[in-house]
Amino acid sequence: MRQRARLGMAMFLLSEAVFFFMLIAAFVYFRTQSLAAARVNLSLGAAAVFTACLLASSFTMWRAAVTGLRGWLAGTIGLGGVFLFGQAREYQRLSIADAGWTFYTPYQTTYSPTKSLFGTTFLTLTGLHALHVLVGIVMLAILLGLASSRRSGRRHTVVVETVALYWYFVDIVWVAIFAIVYLWTSL
Amino acid sequence: MNIQAWLSTIDHKKIGVLYMLTALFFFVVGGLEAMAMRAQLSAPNLKFLSPEVYNQIFTMHGTTMIFLVVMPALVGFGVYLVPLMIGASDMAFPRLNALGYWLTVGGGFLLYVSFLAGGAPDAGWFSYAPLSEKTYSPHAGSDYWALGLLLLSAGSVIAAVNFVVTIASLRAPGMTIRRLPLFVWITLVNSVLILAAMPALNAALVMLLSDRLLSAHFFDPTHGGSPILWQHYFWIFGHPEVYIMVLPAFGMISEIIPVFSRKPIFGYGFVAASTLAIAFLSLGVWVHHMFAVALGRVFISVFAAASMLIAVPTGIKIFNWAATLVGGSIRFTTAMLFAVAFLLEFTFGGLSGLAFAIVPIDWQLTDTYFVVAHLHYVAFGGIAFALFAGAHYWYPKITGRLMSESLGRLTFWMVVIGFNLTFFVQHILGLMGMPRRVYTYPDLPWWGALNVISTFGAVILGLGALVFCCNLITSLVFGTRAGNDPWDAWTLEWAAESPPREDNFDHVPTVRSRRPLWDLKHPEAPDWATPGGG
Amino acid sequence: MFHPQSPEAHAIATLFMYFLVLAAIIFLMVVAIVAFSVVRYRARPGDTDPLPSFGHRRLEITWTVVPLVLVVAIFVFTLRTMAEVDAPLEPDRPPDLVIIGHQWWWEARYPNGATTAREIHIPAGRRLLAQIESADVIHDFWVPQLARKMDAVPGRIGYIWLRSDVPGTFAGACSEFCGKQHAGMRFDVIAEPEAEFAAWVARQAETPAYDPGERLFRERKCAECHAITPGDRRPYIGPPLAHIASRKFLGGNLPNTSGNLTLWITSPQSILPGNRMPDSRLPADELQALTRFLETRR
Ligand code: HEA
Ligand code: HEA
Ligand code: CUA
Ligand SMILES: [Cu+2]
């Protein structure tokens with residue numbers, strides 16, 4: 001049972017890995033054209049702080065899987081939430097800071113191509129990642145709810161462990177995104 | 001029959017049957033679309049279909065045949081057979097299995113409601129940008145196309161995960177990885193290929209949807225985007241996809257030819273290993289669909305070489321199947337007829353594929369009817385022939401009754417004759433310069449004549465398919481009872497009842513070789529005691 | 001493809017013939033094995049199962065290595081022919097003509113300012129470097145008898161060698177699906193002796209004498225989609241008409257007669273359904289005037 005769940009999750013994550021690889025590749029494909037806009041718009045410092053939160057959440061996730069304690073689960077959800085909050089703030093700041101961003105304003109006619117290309121790749125990539133974080137948080141919240149209603153047993157542990165795999169994966173993807181989108185840009 | 005029990009089922013056999021019936025339904029739909037196209041093309045300058053309608057129909061025909069016929073049919077056979085063949089009582093994740101099926105239904109539904117919602121997609125089954133972008137395809141058809149494909153692809157990924165886990169963890173005692181029936185082995189490899197290739201499509205679709213719905217600019221050259229990026233992403237998925245479709249067909253042939261030749265498969269190890277080689281190579285050939293783009297010559301050559309190399313492992317398979325025939329005692333049931341025809345038609349289609357891998361030839365023939373001919377020789381002459389063979393072979397297991405052999409033979413001859421008439425002449429049309437995807441063509445010498453032959457063949461082919469459908473239905477009632485093992489076969493599914501009971505097996509025979517039932521029936525000369533047989 | 005008229009097309013046709021022979025041999029070999037087995041090893045009543053045979057290593061190696069060698073040979077021929085027929089990716093000289101795909105017609109621009117559509121003239125016997133581009137979606141420029149095809153991808157430039165050894169008219173077609181009138185995007189390449197070509201291209205670069213019909217042409221908004229001076233290379237939706245009367249055919253392969261010209265102006269949609277020129281309901285006298293005006297554009 002445990003083997004099966006893990007293998008299944010691993011296989012699913014394999015396909016997810018390819019998916020994110022393709023999106024990151026698209027970012028890299030357009031990188032030179034969008035570099036200028038990326039330099040202006042990204043803030044490495046803030047991103048680093050939220051990245052740290054996400055990384056910390058992998059630790060709490062691991063503790064939750066090992067100990068089965070609800071506190072660690074709640075902590076993971078909290079840290080994931082902070083990360084999402086950070087993302088949201090970043091998006092908001094960008095759309096205010098730069099009127100050239102056309103991603104959310106379909107009928108705007110004045111744009112600067114490179115800036116909107118940056119918006120295209122950056123938002124799609126980080127947006128889909130954020131969606132994955134959100135899904136993870138929802139799953140964790142359900143687990144937390146189940147754990148509270150005393151329906152915990154061996155089965156429960158297996159599920160937590162499996163979700164943990166997902167969570168680590170989402171974090172690793174972020175590390176790659178952080179390295180490529182943020183660090184590489186600020187070089 | 002209890003409809004509700006079927007709709008809420010998580011039994012792999014029922015889900016398998018649902019998949020297959022869905023595929024059959026869409027085969028009729030896609031086939032009728034093909035008939036409409038052939039009618040329009042039967043003479044030059046006809047006005048039976050307007051260009052708008054024709055473009056929707058060929059797009060839907062291609063999309064339907066690939067995503068709603070071949071994929072569900074193959075997944076359906078897999079879902080039905082894999083647990084039986086490895087002696088399990090169900091898939092590893094039965095609920096997930098049902099989810100995969102319903103996603104497929106949802107995807108099909110989304111694709112087809114587009115007809116009601118302002119027009120079906122009309123940019124072809126690979127929807128090249130920027131034609132598929134909002135500027136050039138403003139109506140919602142392409143959105144439905146992308147959303148429908150996302151669901152279908154999610155369904156395939158789920159099925160693939162399930163196959164891998166099932167095959168990894170639910171095999172009967174003694175069934176080592178080297179004793180897997182080839183169909184199962186190939187399904188395993190294929191599932192990994194699905195996991196590796198499908199996400200490229202998902203990424204491309206998400207990007208296209210961003211462009212269309214959120215005004216992103218991935219593929220929009222007027223804002224710095226790149227149409228070539230779409231081509232890369234689509235074909236990084238698209239080429240492996242054609243092998244994803246053909247590999248399970250190979251698996252079926254590898255089961256059927258031995259049984260009716262009364263000999264074990266020749267060169268098991270090589271057939272299995274060549275599958276790995278094909279899967280691996282297939283991930284590195286996609287640019288052969290883009291040879292006509294001005295890309296670097298060295299870059300192109302690399303992909304040409306890889307495409308040609310695929311001929312080698314494919315040839316290994318062909319030769320091993322042929323060698324299985326040699327020295328056998330061949331029984332020509334309908335299933336076997338289709339399997340043998342498969343060998344020839346597929347080889348033919350493979351060779352015409354190789355023509356495109358020769359870059360200068362592709363520079364002449366890409367996007368002509370020569371491509372249409374190639375793809376139907378491999379897709380119909382290959383995959384569909386294998387599916388016909390598989391249907392006749394496993395029908396008794398699924399329903400408990402044999403299909404009518406006389407109707408089967410009629411199907412066979414009509415399909416073979418109709419198929420070759422339809423598509424052989426298309427090679428010539430392509431060589432004479434007829435582009436594909438044209439709703440009509442000028443009255444040039446021979447074009448009308450060859451096209452009408454093609455249409456005529458398609459009618460025979462369609463009627464053959466109709467006979468097949470009738471056979472499926474009438475045999476349900478009138479077919480002779482099959483018993484557990486009508487073909488005197490060797491893999492575990494034939495040890496179960498026909499149709500198998502809810503949990504499949506009473507008791508699973510011990511597996512000590514690749515042919516457990518042979519060992520059971522021939523205690524005097526079991527495979528495991530024969531050199532090379534264990 | 002069967003009657004190549006340039007060294008490039010010829011090389012490809014030859015390569016194809018070689019491949020056809022090889023493929024036929026391979027296919028017939030497989031047919032032979034299968035046919036032999038089908039006849040020789042057909043089950044006869046009373047047959048028992050033959051002795052199992054599980055494989056044969058030497059045979060396996062044979063049918064791995066032989067195809068491998070063949071494939072390598074094919075690859076070498078492929079590389080040779082590629083080098084022979086393909087123009088450089090980044091040529092070191094300006095192109096002799098620029099060909100632009102539009103939804104759904106082809107435009108050809110010559111260095112001397114001449115611009116034409118649908119009928120592309122070339123000097124017979126001279127190898128031209130043609131630059132292929134697109135104004136909107138992806139098209140593909142293909143003249144089977146003369147040259148390889150080349151995708152016209154927006155934002156990207158491709159080059160081909162275009163030549164014909166003999167004078168003549170060669171049919172071409174758009175070979176990448178590009179929307180409603182993909183099928184109607186046919187064209188002709190007309191190869192003429194050098195002197196005739198020179199005269200043609202010189203005349204195409206000149207503006208025909210002013211004709212009062214031009215006013216109507218502008219008033220009826222024709223000029224919004226069509227250029228009527230050769231040098232005018234703004235991005236128009238429709239083909240240039242500066243020398244329309246010198247063309248043999250109109251859209252949809254209509255012979256260029258005054259009747260057809262009138263027909264085209266009133267109802268292009270029934271000739272090539274879905275094309276981007278709207279039908280118009282002009283009074284008969286205006287229609288006549290427009291037709292007459294266009295007939296002076298030679
Ligand atoms: C169903 C699956 C399927 C399969 C199995 C194949 C198999 C192959 N295909 Fe095909 N292909 C398609 C489905 C498939 N194809 C489809 C659907 C399209 C069109 C897409 C579209 O544009 O809509 C397409 C298009 C397509 C193109 C692009 C054409 C174009 O648009 O310009 C190319 C180019 O290289 C190609 C090549 C090949 C090759 C080299 C093989 C090889 O795998 C074939 C290998 C097999 C053999 C060669 C025969 C057996 C071998 C022997 C007997 C050994 C001895 C042989 C030799 C030594 C040569 N295919
Ligand atoms: C597995 C895939 C598959 C299958 C099985 C088929 C089956 C058929 N295809 Fe398909 N085809 C594709 C995949 C497939 N096709 C793809 C991928 C494309 C490219 C699309 C694109 O360019 O985007 C294509 C394109 C394509 C074209 C080119 C369109 C164009 O470029 O303009 C044509 C034209 O002849 C064609 C014809 C047919 C015919 C006649 C059949 C026949 O075999 C169908 C026979 C079946 C039936 C007819 C249904 C069953 C019949 C009945 C239930 C009885 C009723 C019958 C009658 C009234 C006669 N197909
Ligand atoms: Cu232009 Cu097809
Ligand atoms: Cu391919």
# chains A, B, ... in the order shown; residues from 1 in each chain; ligands from 1
>>> residues_near_ligand(ligand="ligand 3", cutoff="12 Å", atoms="only C-alpha atoms and all ligand atoms", output="tab-separated table (two decimals) with N, CA and C atoms, in the first residue's frame")
chain	number	residue	atom	x	y	z
B	123	ALA	N	-8.17	24.65	-37.04
B	123	ALA	CA	-6.79	24.96	-37.36
B	123	ALA	C	-5.95	23.71	-37.55
B	124	GLY	N	-6.59	22.54	-37.73
B	124	GLY	CA	-5.84	21.32	-37.93
B	124	GLY	C	-5.49	20.65	-36.62
B	128	TYR	N	-1.32	24.95	-35.72
B	128	TYR	CA	-0.15	25.81	-35.74
B	128	TYR	C	-0.50	27.25	-35.38
B	131	LEU	N	-1.87	30.82	-36.65
B	131	LEU	CA	-3.22	30.64	-37.18
B	131	LEU	C	-4.21	30.36	-36.05
B	367	ASP	N	3.43	17.97	-46.11
B	367	ASP	CA	2.14	18.63	-46.28
B	367	ASP	C	1.49	18.37	-47.65
B	368	THR	N	1.76	17.20	-48.19
B	368	THR	CA	1.01	16.78	-49.37
B	368	THR	C	0.21	15.54	-48.99
B	435	PRO	N	-1.55	19.31	-52.35
B	435	PRO	CA	-1.33	19.59	-50.93
B	435	PRO	C	-2.44	18.96	-50.09
B	436	ARG	N	-2.14	18.71	-48.84
B	436	ARG	CA	-3.18	18.22	-47.95
B	436	ARG	C	-4.02	19.40	-47.45
B	437	ARG	N	-5.10	19.08	-46.77
B	437	ARG	CA	-5.93	20.10	-46.13
B	437	ARG	C	-6.49	21.12	-47.10
B	438	VAL	N	-6.75	20.71	-48.32
B	438	VAL	CA	-7.41	21.60	-49.26
B	438	VAL	C	-8.85	21.13	-49.40
B	439	TYR	N	-9.79	22.08	-49.38
B	439	TYR	CA	-11.19	21.65	-49.45
B	439	TYR	C	-11.58	21.33	-50.88
C	100	ILE	N	6.43	36.82	-50.53
C	100	ILE	CA	5.74	37.00	-49.25
C	100	ILE	C	4.38	36.33	-49.30
C	101	GLY	N	4.11	35.46	-48.34
C	101	GLY	CA	2.81	34.83	-48.26
C	101	GLY	C	1.83	35.71	-47.52
C	102	HIS	N	0.63	35.86	-48.09
C	102	HIS	CA	-0.46	36.56	-47.41
C	102	HIS	C	-1.65	35.62	-47.38
C	103	GLN	N	-2.58	35.86	-46.46
C	103	GLN	CA	-3.83	35.14	-46.52
C	103	GLN	C	-4.65	35.72	-47.65
C	104	TRP	N	-4.86	35.21	-48.80
C	104	TRP	CA	-4.42	33.97	-49.35
C	104	TRP	C	-3.91	34.18	-50.75
C	105	TRP	N	-2.79	34.91	-50.82
C	105	TRP	CA	-2.17	35.15	-52.12
C	105	TRP	C	-0.68	35.38	-51.91
C	106	TRP	N	0.07	35.19	-52.97
C	106	TRP	CA	1.51	35.36	-52.89
C	106	TRP	C	1.93	36.66	-53.55
C	107	GLU	N	2.87	37.34	-52.91
C	107	GLU	CA	3.41	38.57	-53.45
C	107	GLU	C	4.87	38.34	-53.81
C	133	GLU	N	9.04	34.96	-47.01
C	133	GLU	CA	8.55	35.50	-45.74
C	133	GLU	C	7.05	35.38	-45.67
C	134	SER	N	6.51	35.75	-44.53
C	134	SER	CA	5.06	35.76	-44.41
C	134	SER	C	4.61	37.07	-43.79
C	135	ALA	N	3.41	37.50	-44.20
C	135	ALA	CA	2.85	38.73	-43.64
C	135	ALA	C	1.90	38.44	-42.50
C	136	ASP	N	1.46	37.19	-42.37
C	136	ASP	CA	0.49	36.91	-41.30
C	136	ASP	C	0.73	35.54	-40.65
C	137	VAL	N	0.12	34.48	-41.18
C	137	VAL	CA	0.29	33.16	-40.57
C	137	VAL	C	1.35	32.39	-41.34
C	138	ILE	N	1.51	31.11	-41.01
C	138	ILE	CA	2.52	30.33	-41.71
C	138	ILE	C	1.96	29.84	-43.05
C	139	HIS	N	2.71	30.10	-44.11
C	139	HIS	CA	2.39	29.54	-45.43
C	139	HIS	C	3.59	28.69	-45.86
C	140	ASP	N	3.48	28.14	-47.04
C	140	ASP	CA	4.63	27.38	-47.53
C	140	ASP	C	4.69	27.49	-49.04
C	141	PHE	N	5.85	27.97	-49.52
C	141	PHE	CA	6.02	28.24	-50.94
C	141	PHE	C	6.51	26.98	-51.64
C	142	TRP	N	5.72	26.50	-52.58
C	142	TRP	CA	6.07	25.22	-53.21
C	142	TRP	C	5.77	25.20	-54.70
C	150	MET	N	9.48	25.75	-48.96
C	150	MET	CA	10.02	26.48	-47.82
C	150	MET	C	8.87	27.11	-47.05
C	151	ASP	N	8.83	26.85	-45.76
C	151	ASP	CA	7.79	27.46	-44.94
C	151	ASP	C	8.01	28.97	-44.87
C	152	ALA	N	6.92	29.71	-45.00
C	152	ALA	CA	6.96	31.15	-44.80
C	152	ALA	C	6.43	31.41	-43.39
C	153	VAL	N	7.34	31.59	-42.45
C	153	VAL	CA	6.96	31.74	-41.06
C	153	VAL	C	7.06	33.21	-40.68
C	154	PRO	N	6.00	33.78	-40.12
C	154	PRO	CA	6.08	35.20	-39.75
C	154	PRO	C	7.23	35.42	-38.76
C	172	GLY	N	2.26	26.28	-58.78
C	172	GLY	CA	2.72	26.21	-57.41
C	172	GLY	C	1.53	26.27	-56.48
C	173	ALA	N	1.76	25.91	-55.22
C	173	ALA	CA	0.66	25.91	-54.26
C	173	ALA	C	1.20	26.23	-52.89
C	174	CYS	N	0.32	26.75	-52.06
C	174	CYS	CA	0.69	26.92	-50.67
C	174	CYS	C	0.56	25.57	-50.00
C	175	SER	N	1.59	25.20	-49.25
C	175	SER	CA	1.63	23.85	-48.76
C	175	SER	C	1.66	23.79	-47.23
C	176	GLU	N	1.22	24.85	-46.60
C	176	GLU	CA	1.01	24.77	-45.15
C	176	GLU	C	-0.36	25.33	-44.88
C	177	PHE	N	-1.14	24.60	-44.09
C	177	PHE	CA	-2.51	25.04	-43.87
C	177	PHE	C	-2.51	26.44	-43.27
C	178	CYS	N	-3.28	27.36	-43.90
C	178	CYS	CA	-3.19	28.75	-43.47
C	178	CYS	C	-4.57	29.38	-43.31
C	179	GLY	N	-5.61	28.56	-43.26
C	179	GLY	CA	-6.93	29.14	-43.04
C	179	GLY	C	-7.87	28.84	-44.19
C	180	LYS	N	-8.94	29.64	-44.25
C	180	LYS	CA	-10.07	29.31	-45.14
C	180	LYS	C	-9.68	29.04	-46.57
C	181	GLN	N	-8.89	29.94	-47.17
C	181	GLN	CA	-8.60	29.74	-48.59
C	181	GLN	C	-7.20	29.17	-48.85
C	182	HIS	N	-6.74	28.35	-47.94
C	182	HIS	CA	-5.47	27.65	-48.16
C	182	HIS	C	-5.49	26.99	-49.54
C	183	ALA	N	-6.63	26.38	-49.86
C	183	ALA	CA	-6.74	25.68	-51.14
C	183	ALA	C	-6.63	26.64	-52.32
C	184	GLY	N	-7.08	27.89	-52.12
C	184	GLY	CA	-7.10	28.84	-53.23
C	184	GLY	C	-5.79	29.56	-53.41
C	185	MET	N	-4.80	29.24	-52.59
C	185	MET	CA	-3.56	29.99	-52.60
C	185	MET	C	-2.57	29.42	-53.62
C	186	ARG	N	-3.09	29.15	-54.80
C	186	ARG	CA	-2.23	28.61	-55.85
C	186	ARG	C	-1.60	29.76	-56.65
C	187	PHE	N	-0.53	29.47	-57.35
C	187	PHE	CA	0.14	30.50	-58.13
C	187	PHE	C	0.89	29.84	-59.27
C	275	ASN	N	-12.42	34.44	-48.79
C	275	ASN	CA	-11.23	35.29	-48.97
C	275	ASN	C	-11.49	36.67	-48.40
>>> closest_atom_pairs(of="chain B", to="ligand 1", cutoff="8 Å", atoms="only C-alpha atoms and all ligand atoms", output="JSON lines")
{"residue": "B:Gly62", "atom": "CA", "partner": "ligand 1", "partner_atom_place_in_ligand_line": "23 (O)", "distance": 7.7}
{"residue": "B:Trp125", "atom": "CA", "partner": "ligand 1", "partner_atom_place_in_ligand_line": "23 (O)", "distance": 6.8}
{"residue": "B:Phe126", "atom": "CA", "partner": "ligand 1", "partner_atom_place_in_ligand_line": "23 (O)", "distance": 7.0}
{"residue": "B:Gly238", "atom": "CA", "partner": "ligand 1", "partner_atom_place_in_ligand_line": "20 (C)", "distance": 7.9}
{"residue": "B:His239", "atom": "CA", "partner": "ligand 1", "partner_atom_place_in_ligand_line": "12 (C)", "distance": 7.4}
{"residue": "B:Glu241", "atom": "CA", "partner": "ligand 1", "partner_atom_place_in_ligand_line": "2 (C)", "distance": 7.9}
{"residue": "B:Val242", "atom": "CA", "partner": "ligand 1", "partner_atom_place_in_ligand_line": "2 (C)", "distance": 4.1}
{"residue": "B:Tyr243", "atom": "CA", "partner": "ligand 1", "partner_atom_place_in_ligand_line": "5 (C)", "distance": 5.5}
{"residue": "B:Met245", "atom": "CA", "partner": "ligand 1", "partner_atom_place_in_ligand_line": "1 (C)", "distance": 6.0}
{"residue": "B:Val246", "atom": "CA", "partner": "ligand 1", "partner_atom_place_in_ligand_line": "1 (C)", "distance": 5.3}
{"residue": "B:Ile278", "atom": "CA", "partner": "ligand 1", "partner_atom_place_in_ligand_line": "43 (O)", "distance": 7.9}
{"residue": "B:Val285", "atom": "CA", "partner": "ligand 1", "partner_atom_place_in_ligand_line": "35 (O)", "distance": 7.9}
{"residue": "B:His288", "atom": "CA", "partner": "ligand 1", "partner_atom_place_in_ligand_line": "35 (O)", "distance": 4.5}
{"residue": "B:His289", "atom": "CA", "partner": "ligand 1", "partner_atom_place_in_ligand_line": "28 (C)", "distance": 4.3}
{"residue": "B:Met290", "atom": "CA", "partner": "ligand 1", "partner_atom_place_in_ligand_line": "32 (O)", "distance": 6.9}
{"residue": "B:Phe291", "atom": "CA", "partner": "ligand 1", "partner_atom_place_in_ligand_line": "32 (O)", "distance": 6.8}
{"residue": "B:Ala292", "atom": "CA", "partner": "ligand 1", "partner_atom_place_in_ligand_line": "32 (O)", "distance": 7.5}
{"residue": "B:Ala304", "atom": "CA", "partner": "ligand 1", "partner_atom_place_in_ligand_line": "35 (O)", "distance": 6.8}
{"residue": "B:Ser307", "atom": "CA", "partner": "ligand 1", "partner_atom_place_in_ligand_line": "40 (C)", "distance": 4.8}
{"residue": "B:Met308", "atom": "CA", "partner": "ligand 1", "partner_atom_place_in_ligand_line": "40 (C)", "distance": 5.3}
{"residue": "B:Leu309", "atom": "CA", "partner": "ligand 1", "partner_atom_place_in_ligand_line": "40 (C)", "distance": 7.9}
{"residue": "B:Ile310", "atom": "CA", "partner": "ligand 1", "partner_atom_place_in_ligand_line": "43 (O)", "distance": 5.3}
{"residue": "B:Ala311", "atom": "CA", "partner": "ligand 1", "partner_atom_place_in_ligand_line": "45 (C)", "distance": 3.9}
{"residue": "B:Val312", "atom": "CA", "partner": "ligand 1", "partner_atom_place_in_ligand_line": "54 (C)", "distance": 5.8}
{"residue": "B:Pro313", "atom": "CA", "partner": "ligand 1", "partner_atom_place_in_ligand_line": "51 (C)", "distance": 7.8}
{"residue": "B:Thr314", "atom": "CA", "partner": "ligand 1", "partner_atom_place_in_ligand_line": "46 (C)", "distance": 5.2}
{"residue": "B:Gly315", "atom": "CA", "partner": "ligand 1", "partner_atom_place_in_ligand_line": "54 (C)", "distance": 3.5}
{"residue": "B:Ile316", "atom": "CA", "partner": "ligand 1", "partner_atom_place_in_ligand_line": "54 (C)", "distance": 6.9}
{"residue": "B:Ile318", "atom": "CA", "partner": "ligand 1", "partner_atom_place_in_ligand_line": "53 (C)", "distance": 6.1}
{"residue": "B:Phe319", "atom": "CA", "partner": "ligand 1", "partner_atom_place_in_ligand_line": "53 (C)", "distance": 7.1}
{"residue": "B:Phe346", "atom": "CA", "partner": "ligand 1", "partner_atom_place_in_ligand_line": "49 (C)", "distance": 6.9}
{"residue": "B:Thr347", "atom": "CA", "partner": "ligand 1", "partner_atom_place_in_ligand_line": "49 (C)", "distance": 4.2}
{"residue": "B:Phe348", "atom": "CA", "partner": "ligand 1", "partner_atom_place_in_ligand_line": "49 (C)", "distance": 6.6}
{"residue": "B:Gly349", "atom": "CA", "partner": "ligand 1", "partner_atom_place_in_ligand_line": "49 (C)", "distance": 7.0}
{"residue": "B:Gly350", "atom": "CA", "partner": "ligand 1", "partner_atom_place_in_ligand_line": "46 (C)", "distance": 3.6}
{"residue": "B:Leu351", "atom": "CA", "partner": "ligand 1", "partner_atom_place_in_ligand_line": "48 (C)", "distance": 4.4}
{"residue": "B:Ser352", "atom": "CA", "partner": "ligand 1", "partner_atom_place_in_ligand_line": "38 (C)", "distance": 7.5}
{"residue": "B:Gly353", "atom": "CA", "partner": "ligand 1", "partner_atom_place_in_ligand_line": "38 (C)", "distance": 3.7}
{"residue": "B:Leu354", "atom": "CA", "partner": "ligand 1", "partner_atom_place_in_ligand_line": "40 (C)", "distance": 3.9}
{"residue": "B:Ala355", "atom": "CA", "partner": "ligand 1", "partner_atom_place_in_ligand_line": "35 (O)", "distance": 7.0}
{"residue": "B:Phe356", "atom": "CA", "partner": "ligand 1", "partner_atom_place_in_ligand_line": "34 (C)", "distance": 4.0}
{"residue": "B:Ala357", "atom": "CA", "partner": "ligand 1", "partner_atom_place_in_ligand_line": "35 (O)", "distance": 3.5}
{"residue": "B:Ile358", "atom": "CA", "partner": "ligand 1", "partner_atom_place_in_ligand_line": "35 (O)", "distance": 7.1}
{"residue": "B:Val359", "atom": "CA", "partner": "ligand 1", "partner_atom_place_in_ligand_line": "35 (O)", "distance": 7.6}
{"residue": "B:Asp362", "atom": "CA", "partner": "ligand 1", "partner_atom_place_in_ligand_line": "32 (O)", "distance": 5.3}
{"residue": "B:Trp363", "atom": "CA", "partner": "ligand 1", "partner_atom_place_in_ligand_line": "32 (O)", "distance": 7.5}
{"residue": "B:Leu365", "atom": "CA", "partner": "ligand 1", "partner_atom_place_in_ligand_line": "32 (O)", "distance": 6.5}
{"residue": "B:Thr366", "atom": "CA", "partner": "ligand 1", "partner_atom_place_in_ligand_line": "32 (O)", "distance": 3.4}
{"residue": "B:Asp367", "atom": "CA", "partner": "ligand 1", "partner_atom_place_in_ligand_line": "31 (O)", "distance": 5.3}
{"residue": "B:Thr368", "atom": "CA", "partner": "ligand 1", "partner_atom_place_in_ligand_line": "31 (O)", "distance": 7.9}
{"residue": "B:Val371", "atom": "CA", "partner": "ligand 1", "partner_atom_place_in_ligand_line": "29 (C)", "distance": 5.6}
{"residue": "B:Val372", "atom": "CA", "partner": "ligand 1", "partner_atom_place_in_ligand_line": "19 (C)", "distance": 6.9}
{"residue": "B:His374", "atom": "CA", "partner": "ligand 1", "partner_atom_place_in_ligand_line": "11 (N)", "distance": 6.6}
{"residue": "B:Leu375", "atom": "CA", "partner": "ligand 1", "partner_atom_place_in_ligand_line": "16 (C)", "distance": 4.3}
{"residue": "B:His376", "atom": "CA", "partner": "ligand 1", "partner_atom_place_in_ligand_line": "17 (C)", "distance": 7.3}
{"residue": "B:Val378", "atom": "CA", "partner": "ligand 1", "partner_atom_place_in_ligand_line": "1 (C)", "distance": 4.7}
{"residue": "B:Ala379", "atom": "CA", "partner": "ligand 1", "partner_atom_place_in_ligand_line": "1 (C)", "distance": 4.2}
{"residue": "B:Phe380", "atom": "CA", "partner": "ligand 1", "partner_atom_place_in_ligand_line": "1 (C)", "distance": 7.9}
{"residue": "B:Gly382", "atom": "CA", "partner": "ligand 1", "partner_atom_place_in_ligand_line": "1 (C)", "distance": 6.9}
{"residue": "B:Ile383", "atom": "CA", "partner": "ligand 1", "partner_atom_place_in_ligand_line": "1 (C)", "distance": 6.5}
>>> closest_residue(among="A:Gly45, A:Gly78, A:Gly68, A:Gly127", to="chain B", atoms="only C-alpha atoms")
A:Gly127
>>> closest_residue(among="B:Lys13, B:Lys47, B:Arg512, B:His427", to="ligand 2", atoms="only C-alpha atoms and all ligand atoms")
B:His427
>>> residues_around(residues="region 229-232 of chain B", least_positions_apart="2", cutoff="7 Å", atoms="only C-alpha atoms", output="list in words")
Tyr128, Ala129, Ala204, Phe219, Ser226, Pro227, Phe234, Trp235 and Ile236 of chain B
>>> write_last_selection(atoms="C-alpha atoms", output="PDB file, in the first residue's frame")
ATOM      1  CA  TYR B 128      -0.149  25.811 -35.738  1.00  0.00           C
ATOM      2  CA  ALA B 129       0.253  29.255 -34.260  1.00  0.00           C
ATOM      3  CA  ALA B 204       1.917  23.991 -25.073  1.00  0.00           C
ATOM      4  CA  PHE B 219       3.435  32.415 -30.118  1.00  0.00           C
ATOM      5  CA  SER B 226       7.656  32.650 -31.636  1.00  0.00           C
ATOM      6  CA  PRO B 227       5.463  30.445 -33.840  1.00  0.00           C
ATOM      7  CA  PHE B 234       3.641  20.339 -30.079  1.00  0.00           C
ATOM      8  CA  TRP B 235       5.897  17.869 -31.846  1.00  0.00           C
ATOM      9  CA  ILE B 236       7.958  17.106 -28.750  1.00  0.00           C
TER      10      ILE B 236
END
>>> interface_residues(of="chain B", to="chain A", cutoff="6 Å", atoms="only C-alpha atoms", output="ChimeraX atom specification")
/B:161,165,195-196,199,203,215-216,223
